[in-house]
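Notes to accompany the following structure.
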Amino acid sequence: MTLVMGILNVTPDSFSDGGRWDTADAALAHGIRLARDGAHLVDVGGESTRPGAERVSPEEELTRVVPVVSGLVEAGIAVSVDTMRASTAAAALEAGASIINDVSGGLADPEMAAVIAGAGCDYIAMHWRAHSTQMDGLDRYDDVVAEVRDELAARVDALTAAGVDPARIILDPGLGFSKVAASNWPLLADIPGWAGDARVLIGASRKRFLGAAVEREGRDASAASRDHATTAITALAAERGVWAVRVHDAGAARDAISVVSAWQNAEHTQE
Ligand code: PMM
């Protein structure tokens, strides 16, 4: 069954929840709430990746992330850590995180592969072309599915060559990262086309391309108003067997996945 990864941004500037959980206590409380709502794991991030965001220092990222990881692990919650830095990944694994979620797929830090290979942990490799200040200039594709497939395959090759077990790599198309709104839909419509038979994570929650899809006269245009659209993506992703969805509203995602399971169970019973 598809897993729910709850988003916990311990940042002042993420696009939809920036500044809400930027103390360790507030972040920990929100992480516990996500788990209680139905998240199977909580994804802790200390650096915003929204378009135009500036990088935080390694020290600042560690200060934001490690106490929250420790607190969640102590509470018995499975944790992934959203970081592009090998040093943060190593410290987070030391603090009990079980998965590293690297939006750069190992491109941002040449030391990342060695940390993952050494830990033998699950690793999410997202399709990525550049840091947030440059990514919007790199959003042209002739064939988005083929180019994402090839660029992810190159990451898998490099990671594997550095000692990472390919079975530990989870692929993510990087929705909204160096992609105009229209480029995200072919990636959702043809998951095997870029992922083959690898495990897949989909991170669509509250993103701008969903806002564009549901836009109509008089409709609230805030990021949080995209939660129903996000839940529709979760249902479709679950129906297609993705490994996990990365979402802000964990309870809604769990409900959608349960509904898909009930529907699919009835189909199997009728066969
Ligand atoms: N999106 C964001 C941050 N981290 N990680 C993965 N693996 N996939 C994503 O799509 C992704 C990510 C940006 O969204 P946020 O500001 O809501 O965290």
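Chains: A, B, ... in order of the structure tokens. Residues: from 1 per chain. Ligands: from 1, in order shown.
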>> Going by DSSP on the backbone, which residues of stretch 26-113 of chain A come out as strand (DSSP E)? List them as a list in words.
In response: Leu41, Val42, Asp43, Val44, Gly45, Ala78, Val79, Ser80, Val81, Asp82, Ile99, Ile100, Asn101 and Asp102 of chain A
Near ligand 1, 8 Å: chain A residue rows, closest pairs, only C-alpha atoms and all ligand atoms, as a tab-separated table:
residue	atom	partner	partner_atom_place_in_ligand_line	distance
A:Ile7	CA	ligand 1	18 (O)	6.3
A:Leu8	CA	ligand 1	18 (O)	7.5
A:Asn9	CA	ligand 1	18 (O)	6.2
A:Ser14	CA	ligand 1	16 (O)	4.6
A:Phe15	CA	ligand 1	16 (O)	5.2
A:Ser16	CA	ligand 1	17 (O)	6.1
A:Asp17	CA	ligand 1	17 (O)	7.2
A:Gly18	CA	ligand 1	16 (O)	7.7
A:Gly45	CA	ligand 1	18 (O)	7.4
A:Ser48	CA	ligand 1	16 (O)	6.0
A:Thr49	CA	ligand 1	13 (C)	5.6
A:Arg50	CA	ligand 1	16 (O)	5.7
A:Asp82	CA	ligand 1	4 (N)	6.2
A:Asn101	CA	ligand 1	7 (N)	5.5
A:Asp102	CA	ligand 1	7 (N)	6.4
A:Val103	CA	ligand 1	5 (N)	5.2
A:Ile124	CA	ligand 1	7 (N)	6.1
A:Ala125	CA	ligand 1	7 (N)	7.0
A:Met126	CA	ligand 1	7 (N)	5.5
A:Asp172	CA	ligand 1	7 (N)	5.9
A:Pro173	CA	ligand 1	10 (O)	7.3
A:Gly174	CA	ligand 1	10 (O)	4.7
A:Leu175	CA	ligand 1	10 (O)	5.3
A:Gly176	CA	ligand 1	10 (O)	7.2
A:Phe177	CA	ligand 1	10 (O)	7.7
A:Leu201	CA	ligand 1	7 (N)	6.6
A:Ile202	CA	ligand 1	10 (O)	6.3
A:Gly203	CA	ligand 1	10 (O)	3.5
A:Ala204	CA	ligand 1	10 (O)	6.0
A:Ser205	CA	ligand 1	17 (O)	6.6
A:Arg206	CA	ligand 1	17 (O)	7.1
A:Lys207	CA	ligand 1	14 (O)	7.3
A:Arg246	CA	ligand 1	8 (N)	6.8
A:Val247	CA	ligand 1	17 (O)	7.6
A:His248	CA	ligand 1	17 (O)	7.1
Requested write-out: N, CA and C atoms of the selected residues, as a short mmCIF file (atom, residue, chain, number, x, y, z; two decimals), in the first residue's frame:
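Generated output (part.cif):
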data_model
loop_
_atom_site.label_atom_id
_atom_site.label_comp_id
_atom_site.auth_asym_id
_atom_site.auth_seq_id
_atom_site.Cartn_x
_atom_site.Cartn_y
_atom_site.Cartn_z
N ILE A 7 4.94 16.26 5.48
CA ILE A 7 5.95 17.30 5.29
C ILE A 7 6.13 18.13 6.56
N LEU A 8 7.35 18.22 7.02
CA LEU A 8 7.66 19.05 8.19
C LEU A 8 8.84 19.97 7.84
N ASN A 9 8.51 21.18 7.41
CA ASN A 9 9.54 22.14 7.04
C ASN A 9 9.90 23.01 8.24
N SER A 14 9.46 28.30 3.59
CA SER A 14 8.93 27.36 2.59
C SER A 14 7.62 27.91 2.04
N PHE A 15 7.23 27.45 0.83
CA PHE A 15 6.18 28.20 0.12
C PHE A 15 4.81 28.12 0.77
N SER A 16 4.48 26.98 1.41
CA SER A 16 3.11 26.97 1.95
C SER A 16 3.06 26.92 3.47
N ASP A 17 4.13 26.44 4.12
CA ASP A 17 4.08 26.36 5.58
C ASP A 17 5.29 27.02 6.23
N GLY A 18 6.04 27.80 5.45
CA GLY A 18 7.23 28.46 5.99
C GLY A 18 6.90 29.30 7.20
N GLY A 45 12.76 18.87 6.95
CA GLY A 45 13.65 19.67 6.10
C GLY A 45 14.02 20.97 6.77
N SER A 48 14.62 25.60 2.63
CA SER A 48 13.53 25.74 1.66
C SER A 48 14.07 25.55 0.24
N THR A 49 13.25 24.89 -0.60
CA THR A 49 13.65 24.71 -1.99
C THR A 49 12.70 25.45 -2.92
N ARG A 50 11.90 26.38 -2.36
CA ARG A 50 10.96 27.09 -3.24
C ARG A 50 11.76 27.92 -4.24
N ASP A 82 15.01 15.75 4.48
CA ASP A 82 15.08 16.41 3.19
C ASP A 82 16.32 17.30 3.18
N ASN A 101 16.15 12.08 1.84
CA ASN A 101 15.40 12.61 0.71
C ASN A 101 16.22 13.76 0.12
N ASP A 102 16.85 13.49 -1.02
CA ASP A 102 17.77 14.48 -1.60
C ASP A 102 17.15 15.02 -2.89
N VAL A 103 16.66 16.27 -2.84
CA VAL A 103 16.01 16.83 -4.02
C VAL A 103 16.97 16.98 -5.19
N ILE A 124 16.03 8.81 -1.53
CA ILE A 124 15.14 9.35 -2.56
C ILE A 124 15.95 10.26 -3.46
N ALA A 125 16.00 9.91 -4.74
CA ALA A 125 16.72 10.71 -5.74
C ALA A 125 15.69 11.43 -6.60
N MET A 126 15.63 12.75 -6.42
CA MET A 126 14.65 13.54 -7.18
C MET A 126 15.28 14.10 -8.43
N ASP A 172 11.93 10.13 -7.96
CA ASP A 172 10.93 11.19 -7.80
C ASP A 172 11.10 12.13 -8.99
N PRO A 173 9.98 12.47 -9.68
CA PRO A 173 10.11 13.31 -10.89
C PRO A 173 10.38 14.78 -10.59
N GLY A 174 10.33 15.19 -9.33
CA GLY A 174 10.62 16.60 -8.99
C GLY A 174 9.58 17.55 -9.58
N LEU A 175 8.31 17.30 -9.25
CA LEU A 175 7.24 18.14 -9.78
C LEU A 175 7.48 19.59 -9.36
N GLY A 176 7.41 20.50 -10.33
CA GLY A 176 7.62 21.92 -10.06
C GLY A 176 9.07 22.38 -10.02
N PHE A 177 9.99 21.42 -10.06
CA PHE A 177 11.42 21.80 -10.04
C PHE A 177 11.93 21.88 -11.48
N LEU A 201 8.31 8.10 -5.50
CA LEU A 201 7.71 9.08 -4.59
C LEU A 201 7.15 10.22 -5.43
N ILE A 202 5.93 10.65 -5.11
CA ILE A 202 5.31 11.78 -5.80
C ILE A 202 5.11 12.92 -4.79
N GLY A 203 5.66 14.10 -5.12
CA GLY A 203 5.51 15.27 -4.26
C GLY A 203 4.77 16.37 -5.01
N ALA A 204 3.44 16.32 -4.94
CA ALA A 204 2.63 17.30 -5.67
C ALA A 204 1.99 18.30 -4.71
N SER A 205 2.08 18.05 -3.40
CA SER A 205 1.24 18.73 -2.43
C SER A 205 1.29 20.26 -2.54
N ARG A 206 0.12 20.84 -2.79
CA ARG A 206 -0.09 22.30 -2.81
C ARG A 206 0.76 23.04 -3.85
N LYS A 207 1.30 22.33 -4.82
CA LYS A 207 2.20 23.02 -5.76
C LYS A 207 1.43 23.89 -6.77
N ARG A 246 4.29 12.58 -0.84
CA ARG A 246 4.81 13.55 0.13
C ARG A 246 3.80 14.69 0.23
N VAL A 247 3.15 14.82 1.41
CA VAL A 247 1.99 15.72 1.53
C VAL A 247 2.00 16.55 2.82
N HIS A 248 1.30 17.68 2.75
CA HIS A 248 1.10 18.50 3.95
C HIS A 248 -0.03 17.95 4.81
#
>> Nearest residue to A:Ala119 out of A:Glu147, A:Asp165, A:Asp139, A:Glu239, using only C-alpha atoms?
In response: A:Asp165
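Coordinates place atom CA of A:Val42 at a distance of 19.2 Å from atom CA of A:Ile233.
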>> I need the residues in stretch 105-218 of chain A that are alpha helix (DSSP H) according to DSSP; give them as a PyMOL selection string.
In response: chain A and resi 112-119+144-161+181-189+191-195+208-214
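The spacing separating atom CA of A:Leu210 from atom CA of A:Pro51 amounts to 15.9 Å.
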